[in-house]
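Reproduced below: final_35.cif, with mmCIF, N, CA and C atoms and all ligand atoms; chains and numbers go by the auth columns.
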```
data_work
loop_
_atom_site.group_PDB
_atom_site.id
_atom_site.type_symbol
_atom_site.label_atom_id
_atom_site.label_comp_id
_atom_site.label_asym_id
_atom_site.label_seq_id
_atom_site.Cartn_x
_atom_site.Cartn_y
_atom_site.Cartn_z
_atom_site.B_iso_or_equiv
_atom_site.auth_seq_id
_atom_site.auth_asym_id
ATOM 1 N N MET A 1 0.827 -1.197 0.000 0.00 23 A
ATOM 2 C CA MET A 1 0.000 0.000 0.000 0.00 23 A
ATOM 3 C C MET A 1 0.868 1.256 0.000 0.00 23 A
ATOM 4 N N LYS A 2 0.530 2.215 -0.858 0.00 24 A
ATOM 5 C CA LYS A 2 1.330 3.424 -0.966 0.00 24 A
ATOM 6 C C LYS A 2 1.129 4.321 0.254 0.00 24 A
ATOM 7 N N ALA A 3 2.113 5.148 0.517 0.00 25 A
ATOM 8 C CA ALA A 3 2.045 6.034 1.673 0.00 25 A
ATOM 9 C C ALA A 3 0.951 7.071 1.480 0.00 25 A
ATOM 10 N N VAL A 4 0.248 7.346 2.549 0.00 26 A
ATOM 11 C CA VAL A 4 -0.802 8.359 2.532 0.00 26 A
ATOM 12 C C VAL A 4 -0.471 9.395 3.597 0.00 26 A
ATOM 13 N N PHE A 5 -0.640 10.650 3.225 0.00 27 A
ATOM 14 C CA PHE A 5 -0.316 11.718 4.158 0.00 27 A
ATOM 15 C C PHE A 5 -1.563 12.535 4.484 0.00 27 A
ATOM 16 N N CYS A 6 -1.613 13.011 5.707 0.00 28 A
ATOM 17 C CA CYS A 6 -2.746 13.808 6.166 0.00 28 A
ATOM 18 C C CYS A 6 -2.873 15.084 5.328 0.00 28 A
ATOM 19 N N ALA A 7 -4.106 15.382 4.901 0.00 29 A
ATOM 20 C CA ALA A 7 -4.345 16.581 4.101 0.00 29 A
ATOM 21 C C ALA A 7 -4.295 17.843 4.954 0.00 29 A
ATOM 22 N N GLY A 8 -4.306 17.676 6.273 0.00 30 A
ATOM 23 C CA GLY A 8 -4.293 18.835 7.158 0.00 30 A
ATOM 24 C C GLY A 8 -2.896 19.188 7.630 0.00 30 A
ATOM 25 N N CYS A 9 -2.134 18.176 8.111 0.00 31 A
ATOM 26 C CA CYS A 9 -0.838 18.474 8.724 0.00 31 A
ATOM 27 C C CYS A 9 0.315 17.720 8.062 0.00 31 A
ATOM 28 N N GLN A 10 0.025 16.956 6.991 0.00 32 A
ATOM 29 C CA GLN A 10 1.053 16.246 6.217 0.00 32 A
ATOM 30 C C GLN A 10 1.712 15.090 6.976 0.00 32 A
ATOM 31 N N ALA A 11 1.129 14.690 8.091 0.00 33 A
ATOM 32 C CA ALA A 11 1.670 13.551 8.838 0.00 33 A
ATOM 33 C C ALA A 11 1.437 12.263 8.047 0.00 33 A
ATOM 34 N N LYS A 12 2.409 11.354 8.117 0.00 34 A
ATOM 35 C CA LYS A 12 2.240 10.062 7.463 0.00 34 A
ATOM 36 C C LYS A 12 1.199 9.258 8.232 0.00 34 A
ATOM 37 N N MET A 13 0.250 8.684 7.501 0.00 35 A
ATOM 38 C CA MET A 13 -0.872 8.030 8.153 0.00 35 A
ATOM 39 C C MET A 13 -0.723 6.529 8.173 0.00 35 A
ATOM 40 N N SER A 14 -1.261 5.908 9.214 0.00 36 A
ATOM 41 C CA SER A 14 -1.247 4.458 9.317 0.00 36 A
ATOM 42 C C SER A 14 -2.390 3.875 8.495 0.00 36 A
ATOM 43 N N VAL A 15 -2.298 2.582 8.209 0.00 37 A
ATOM 44 C CA VAL A 15 -3.363 1.880 7.491 0.00 37 A
ATOM 45 C C VAL A 15 -4.684 2.008 8.238 0.00 37 A
ATOM 46 N N ASP A 16 -4.606 1.928 9.563 0.00 38 A
ATOM 47 C CA ASP A 16 -5.817 2.039 10.377 0.00 38 A
ATOM 48 C C ASP A 16 -6.490 3.391 10.204 0.00 38 A
ATOM 49 N N GLU A 17 -5.673 4.440 10.136 0.00 39 A
ATOM 50 C CA GLU A 17 -6.237 5.777 9.998 0.00 39 A
ATOM 51 C C GLU A 17 -6.912 5.947 8.635 0.00 39 A
ATOM 52 N N VAL A 18 -6.293 5.398 7.594 0.00 40 A
ATOM 53 C CA VAL A 18 -6.898 5.453 6.259 0.00 40 A
ATOM 54 C C VAL A 18 -8.226 4.712 6.256 0.00 40 A
ATOM 55 N N ALA A 19 -8.241 3.538 6.874 0.00 41 A
ATOM 56 C CA ALA A 19 -9.468 2.745 6.933 0.00 41 A
ATOM 57 C C ALA A 19 -10.558 3.496 7.695 0.00 41 A
ATOM 58 N N LEU A 20 -10.174 4.169 8.754 0.00 42 A
ATOM 59 C CA LEU A 20 -11.144 4.932 9.546 0.00 42 A
ATOM 60 C C LEU A 20 -11.742 6.069 8.715 0.00 42 A
ATOM 61 N N ASN A 21 -10.884 6.750 7.942 0.00 43 A
ATOM 62 C CA ASN A 21 -11.380 7.803 7.043 0.00 43 A
ATOM 63 C C ASN A 21 -12.418 7.243 6.076 0.00 43 A
ATOM 64 N N GLN A 22 -12.114 6.085 5.501 0.00 44 A
ATOM 65 C CA GLN A 22 -13.024 5.478 4.526 0.00 44 A
ATOM 66 C C GLN A 22 -14.315 5.040 5.192 0.00 44 A
ATOM 67 N N ARG A 23 -14.179 4.514 6.419 0.00 45 A
ATOM 68 C CA ARG A 23 -15.353 4.028 7.141 0.00 45 A
ATOM 69 C C ARG A 23 -16.280 5.183 7.496 0.00 45 A
ATOM 70 N N LEU A 24 -15.700 6.318 7.898 0.00 46 A
ATOM 71 C CA LEU A 24 -16.510 7.438 8.377 0.00 46 A
ATOM 72 C C LEU A 24 -16.946 8.370 7.257 0.00 46 A
ATOM 73 N N LEU A 25 -16.094 8.529 6.238 0.00 47 A
ATOM 74 C CA LEU A 25 -16.348 9.555 5.223 0.00 47 A
ATOM 75 C C LEU A 25 -16.700 8.985 3.862 0.00 47 A
ATOM 76 N N GLY A 26 -16.458 7.676 3.663 0.00 48 A
ATOM 77 C CA GLY A 26 -16.793 7.054 2.389 0.00 48 A
ATOM 78 C C GLY A 26 -15.563 6.732 1.573 0.00 48 A
ATOM 79 N N MET A 27 -15.707 5.756 0.652 0.00 49 A
ATOM 80 C CA MET A 27 -14.568 5.277 -0.120 0.00 49 A
ATOM 81 C C MET A 27 -14.090 6.286 -1.152 0.00 49 A
ATOM 82 N N GLN A 28 -14.950 7.217 -1.552 0.00 50 A
ATOM 83 C CA GLN A 28 -14.640 8.089 -2.683 0.00 50 A
ATOM 84 C C GLN A 28 -13.980 9.400 -2.265 0.00 50 A
ATOM 85 N N ILE A 29 -13.678 9.541 -0.984 0.00 51 A
ATOM 86 C CA ILE A 29 -13.070 10.803 -0.558 0.00 51 A
ATOM 87 C C ILE A 29 -11.686 10.945 -1.169 0.00 51 A
ATOM 88 N N GLY A 30 -11.332 12.178 -1.514 0.00 52 A
ATOM 89 C CA GLY A 30 -10.068 12.414 -2.191 0.00 52 A
ATOM 90 C C GLY A 30 -8.907 12.656 -1.258 0.00 52 A
ATOM 91 N N SER A 31 -9.187 13.089 -0.051 0.00 53 A
ATOM 92 C CA SER A 31 -8.122 13.396 0.885 0.00 53 A
ATOM 93 C C SER A 31 -8.396 12.726 2.229 0.00 53 A
ATOM 94 N N PHE A 32 -7.316 12.396 2.912 0.00 54 A
ATOM 95 C CA PHE A 32 -7.433 11.711 4.198 0.00 54 A
ATOM 96 C C PHE A 32 -6.861 12.586 5.307 0.00 54 A
ATOM 97 N N PHE A 33 -7.333 12.350 6.526 0.00 55 A
ATOM 98 C CA PHE A 33 -6.868 13.125 7.665 0.00 55 A
ATOM 99 C C PHE A 33 -6.428 12.190 8.783 0.00 55 A
ATOM 100 N N CYS A 34 -5.343 12.558 9.469 0.00 56 A
ATOM 101 C CA CYS A 34 -4.902 11.801 10.628 0.00 56 A
ATOM 102 C C CYS A 34 -5.951 11.953 11.733 0.00 56 A
ATOM 103 N N VAL A 35 -5.837 11.138 12.773 0.00 57 A
ATOM 104 C CA VAL A 35 -6.863 11.169 13.815 0.00 57 A
ATOM 105 C C VAL A 35 -6.963 12.541 14.475 0.00 57 A
ATOM 106 N N THR A 36 -5.836 13.235 14.590 0.00 58 A
ATOM 107 C CA THR A 36 -5.862 14.552 15.232 0.00 58 A
ATOM 108 C C THR A 36 -6.674 15.541 14.406 0.00 58 A
ATOM 109 N N CYS A 37 -6.384 15.612 13.104 0.00 59 A
ATOM 110 C CA CYS A 37 -7.105 16.543 12.241 0.00 59 A
ATOM 111 C C CYS A 37 -8.550 16.093 12.028 0.00 59 A
ATOM 112 N N LEU A 38 -8.760 14.786 11.901 0.00 60 A
ATOM 113 C CA LEU A 38 -10.108 14.265 11.702 0.00 60 A
ATOM 114 C C LEU A 38 -10.985 14.563 12.904 0.00 60 A
ATOM 115 N N ALA A 39 -10.410 14.429 14.080 0.00 61 A
ATOM 116 C CA ALA A 39 -11.157 14.724 15.304 0.00 61 A
ATOM 117 C C ALA A 39 -11.602 16.180 15.314 0.00 61 A
ATOM 118 N N GLY A 40 -10.714 17.086 14.892 0.00 62 A
ATOM 119 C CA GLY A 40 -11.060 18.493 14.840 0.00 62 A
ATOM 120 C C GLY A 40 -12.200 18.769 13.870 0.00 62 A
ATOM 121 N N ARG A 41 -12.169 18.060 12.722 0.00 63 A
ATOM 122 C CA ARG A 41 -13.206 18.263 11.707 0.00 63 A
ATOM 123 C C ARG A 41 -14.551 17.693 12.139 0.00 63 A
ATOM 124 N N LEU A 42 -14.501 16.597 12.891 0.00 64 A
ATOM 125 C CA LEU A 42 -15.736 15.919 13.295 0.00 64 A
ATOM 126 C C LEU A 42 -16.239 16.393 14.653 0.00 64 A
ATOM 127 N N GLY A 43 -15.468 17.273 15.305 0.00 65 A
ATOM 128 C CA GLY A 43 -15.880 17.781 16.597 0.00 65 A
ATOM 129 C C GLY A 43 -15.771 16.736 17.690 0.00 65 A
ATOM 130 N N THR A 44 -14.779 15.868 17.576 0.00 66 A
ATOM 131 C CA THR A 44 -14.576 14.861 18.603 0.00 66 A
ATOM 132 C C THR A 44 -13.113 14.872 19.027 0.00 66 A
ATOM 133 N N THR A 45 -12.663 13.838 19.716 0.00 67 A
ATOM 134 C CA THR A 45 -11.289 13.792 20.203 0.00 67 A
ATOM 135 C C THR A 45 -10.513 12.676 19.516 0.00 67 A
ATOM 136 N N PRO A 46 -9.186 12.864 19.366 0.00 68 A
ATOM 137 C CA PRO A 46 -8.357 11.799 18.792 0.00 68 A
ATOM 138 C C PRO A 46 -8.500 10.481 19.550 0.00 68 A
ATOM 139 N N LYS A 47 -8.632 10.565 20.860 0.00 69 A
ATOM 140 C CA LYS A 47 -8.781 9.361 21.672 0.00 69 A
ATOM 141 C C LYS A 47 -10.053 8.603 21.302 0.00 69 A
ATOM 142 N N HIS A 48 -11.120 9.355 21.044 0.00 70 A
ATOM 143 C CA HIS A 48 -12.383 8.719 20.653 0.00 70 A
ATOM 144 C C HIS A 48 -12.218 7.996 19.316 0.00 70 A
ATOM 145 N N LEU A 49 -11.496 8.610 18.396 0.00 71 A
ATOM 146 C CA LEU A 49 -11.289 7.983 17.089 0.00 71 A
ATOM 147 C C LEU A 49 -10.438 6.723 17.220 0.00 71 A
ATOM 148 N N GLN A 50 -9.431 6.746 18.082 0.00 72 A
ATOM 149 C CA GLN A 50 -8.629 5.543 18.325 0.00 72 A
ATOM 150 C C GLN A 50 -9.512 4.427 18.867 0.00 72 A
ATOM 151 N N THR A 51 -10.447 4.798 19.723 0.00 73 A
ATOM 152 C CA THR A 51 -11.381 3.809 20.266 0.00 73 A
ATOM 153 C C THR A 51 -12.245 3.231 19.151 0.00 73 A
ATOM 154 N N LEU A 52 -12.660 4.106 18.230 0.00 74 A
ATOM 155 C CA LEU A 52 -13.475 3.649 17.105 0.00 74 A
ATOM 156 C C LEU A 52 -12.697 2.655 16.244 0.00 74 A
ATOM 157 N N ILE A 53 -11.406 2.929 16.025 0.00 75 A
ATOM 158 C CA ILE A 53 -10.580 2.027 15.213 0.00 75 A
ATOM 159 C C ILE A 53 -10.577 0.629 15.833 0.00 75 A
ATOM 160 N N VAL A 54 -10.354 0.570 17.142 0.00 76 A
ATOM 161 C CA VAL A 54 -10.349 -0.717 17.849 0.00 76 A
ATOM 162 C C VAL A 54 -11.704 -1.398 17.710 0.00 76 A
ATOM 163 N N ARG A 55 -12.762 -0.609 17.876 0.00 77 A
ATOM 164 C CA ARG A 55 -14.105 -1.177 17.833 0.00 77 A
ATOM 165 C C ARG A 55 -14.436 -1.713 16.437 0.00 77 A
ATOM 166 N N PHE A 56 -14.096 -0.942 15.404 0.00 78 A
ATOM 167 C CA PHE A 56 -14.370 -1.397 14.032 0.00 78 A
ATOM 168 C C PHE A 56 -13.605 -2.678 13.726 0.00 78 A
ATOM 169 N N LYS A 57 -12.374 -2.770 14.210 0.00 79 A
ATOM 170 C CA LYS A 57 -11.581 -3.984 13.999 0.00 79 A
ATOM 171 C C LYS A 57 -12.225 -5.175 14.677 0.00 79 A
ATOM 172 N N GLU A 58 -12.688 -4.974 15.892 0.00 80 A
ATOM 173 C CA GLU A 58 -13.342 -6.051 16.637 0.00 80 A
ATOM 174 C C GLU A 58 -14.621 -6.488 15.949 0.00 80 A
ATOM 175 N N MET A 59 -15.298 -5.535 15.317 0.00 81 A
ATOM 176 C CA MET A 59 -16.523 -5.855 14.590 0.00 81 A
ATOM 177 C C MET A 59 -16.240 -6.602 13.295 0.00 81 A
ATOM 178 N N GLY A 60 -14.981 -6.610 12.869 0.00 82 A
ATOM 179 C CA GLY A 60 -14.645 -7.217 11.588 0.00 82 A
ATOM 180 C C GLY A 60 -15.045 -6.337 10.425 0.00 82 A
ATOM 181 N N CYS A 61 -15.038 -5.024 10.639 0.00 83 A
ATOM 182 C CA CYS A 61 -15.402 -4.066 9.596 0.00 83 A
ATOM 183 C C CYS A 61 -14.583 -4.306 8.326 0.00 83 A
ATOM 184 N N ALA A 62 -15.271 -4.359 7.195 0.00 84 A
ATOM 185 C CA ALA A 62 -14.637 -4.725 5.929 0.00 84 A
ATOM 186 C C ALA A 62 -13.527 -3.756 5.530 0.00 84 A
ATOM 187 N N TYR A 63 -13.664 -2.494 5.890 0.00 85 A
ATOM 188 C CA TYR A 63 -12.641 -1.517 5.521 0.00 85 A
ATOM 189 C C TYR A 63 -11.298 -1.861 6.152 0.00 85 A
ATOM 190 N N PHE A 64 -11.361 -2.427 7.375 0.00 86 A
ATOM 191 C CA PHE A 64 -10.126 -2.747 8.083 0.00 86 A
ATOM 192 C C PHE A 64 -9.600 -4.113 7.673 0.00 86 A
ATOM 193 N N THR A 65 -10.487 -5.115 7.602 0.00 87 A
ATOM 194 C CA THR A 65 -10.051 -6.473 7.252 0.00 87 A
ATOM 195 C C THR A 65 -9.522 -6.514 5.823 0.00 87 A
ATOM 196 N N ARG A 66 -10.117 -5.721 4.934 0.00 88 A
ATOM 197 C CA ARG A 66 -9.664 -5.695 3.547 0.00 88 A
ATOM 198 C C ARG A 66 -8.210 -5.246 3.458 0.00 88 A
ATOM 199 N N LEU A 67 -7.870 -4.208 4.220 0.00 89 A
ATOM 200 C CA LEU A 67 -6.508 -3.683 4.191 0.00 89 A
ATOM 201 C C LEU A 67 -5.532 -4.649 4.845 0.00 89 A
ATOM 202 N N MET A 68 -5.973 -5.314 5.896 0.00 90 A
ATOM 203 C CA MET A 68 -5.100 -6.234 6.606 0.00 90 A
ATOM 204 C C MET A 68 -4.831 -7.492 5.792 0.00 90 A
ATOM 205 N N GLU A 69 -5.811 -7.933 4.994 0.00 91 A
ATOM 206 C CA GLU A 69 -5.677 -9.171 4.249 0.00 91 A
ATOM 207 C C GLU A 69 -5.052 -8.946 2.879 0.00 91 A
ATOM 208 N N GLU A 70 -4.740 -7.680 2.573 0.00 92 A
ATOM 209 C CA GLU A 70 -4.216 -7.360 1.254 0.00 92 A
ATOM 210 C C GLU A 70 -2.932 -8.133 0.941 0.00 92 A
ATOM 211 N N SER A 71 -2.085 -8.319 1.953 0.00 93 A
ATOM 212 C CA SER A 71 -0.801 -8.972 1.731 0.00 93 A
ATOM 213 C C SER A 71 -0.854 -10.468 1.996 0.00 93 A
ATOM 214 N N SER A 72 -1.893 -10.939 2.681 0.00 94 A
ATOM 215 C CA SER A 72 -1.993 -12.361 2.978 0.00 94 A
ATOM 216 C C SER A 72 -3.255 -12.945 2.349 0.00 94 A
ATOM 217 N N ASP A 73 -3.313 -12.888 1.047 0.00 95 A
ATOM 218 C CA ASP A 73 -4.519 -13.244 0.311 0.00 95 A
ATOM 219 C C ASP A 73 -4.361 -14.577 -0.407 0.00 95 A
ATOM 220 N N GLU A 74 -4.123 -15.626 0.375 0.00 96 A
ATOM 221 C CA GLU A 74 -3.891 -16.940 -0.246 0.00 96 A
ATOM 222 C C GLU A 74 -5.191 -17.620 -0.623 0.00 96 A
ATOM 223 N N LYS A 75 -6.170 -17.511 0.238 0.00 97 A
ATOM 224 C CA LYS A 75 -7.459 -18.159 -0.041 0.00 97 A
ATOM 225 C C LYS A 75 -8.314 -17.270 -0.941 0.00 97 A
ATOM 226 N N THR A 76 -8.978 -17.888 -1.890 0.00 98 A
ATOM 227 C CA THR A 76 -9.880 -17.143 -2.761 0.00 98 A
ATOM 228 C C THR A 76 -11.308 -17.544 -2.414 0.00 98 A
ATOM 229 N N ASN A 77 -11.864 -16.844 -1.449 0.00 99 A
ATOM 230 C CA ASN A 77 -13.233 -17.142 -1.021 0.00 99 A
ATOM 231 C C ASN A 77 -14.174 -16.016 -1.445 0.00 99 A
ATOM 232 N N ASP A 78 -14.157 -15.712 -2.711 0.00 100 A
ATOM 233 C CA ASP A 78 -15.009 -14.634 -3.206 0.00 100 A
ATOM 234 C C ASP A 78 -16.291 -15.155 -3.831 0.00 100 A
ATOM 235 N N ARG A 79 -16.777 -16.297 -3.374 0.00 101 A
ATOM 236 C CA ARG A 79 -18.056 -16.795 -3.845 0.00 101 A
ATOM 237 C C ARG A 79 -19.176 -15.996 -3.221 0.00 101 A
ATOM 238 N N MET A 80 -20.088 -15.522 -4.023 0.00 102 A
ATOM 239 C CA MET A 80 -21.215 -14.769 -3.499 0.00 102 A
ATOM 240 C C MET A 80 -22.312 -15.718 -3.027 0.00 102 A
HETATM 241 ZN ZN ZN B . -3.250 15.725 10.405 0.00 201 A
#
```
Go through the file and emit its structure as structure tokens.
Amino acid sequence: MKAVFCAGCQAKMSVDEVALNQRLLGMQIGSFFCVTCLAGRLGTTPKHLQTLIVRFKEMGCAYFTRLMEESSDEKTNDRM
């Protein structure tokens, strides 16, 4: 996965942060924000967003599992 930088402060973003942006703002967004800048835009706290990341992962949210399985994609279970 290519490096993604925050559109607000240019910080290098983690895979989790990118997934959180997609989960909260949609897949088609053009720019991503780190948890600090995203929290400011959403009127919440970075700590709350970190909690959301953990919660989405525990839920098996597709945005997170998709990114995690990108490199370990041995099984082809794409049967609908
Ligand atoms: Zn930022």
Given the PyMOL selection byres (((not hetatm)) within 8 of (chain A and resi 201)), the residues it picks as a PyMOL selection string: chain A and resi 27-34+54-60
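Here atom N of A:Val40 is placed at a distance of 8.0 Å from atom CA of A:Val26.
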Using the chain letters and numbers from this document, which residues of chain A does DSSP assign to alpha helix (DSSP H), as a ChimeraX atom specification? /A:37-47,57-64,68-81,84-90
Given the choices A:Leu42, A:Ala61, A:Met49, A:Met35, which gets closest to A:Leu74 if the distance is worked out from only N, CA and C atoms? A:Leu42
How many Å lie between atom C of A:Leu71 and atom CA of A:Arg45, rounded to one decimal?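 Atom-to-atom, atom C of A:Leu71 to atom CA of A:Arg45, that is 11.5 Å.
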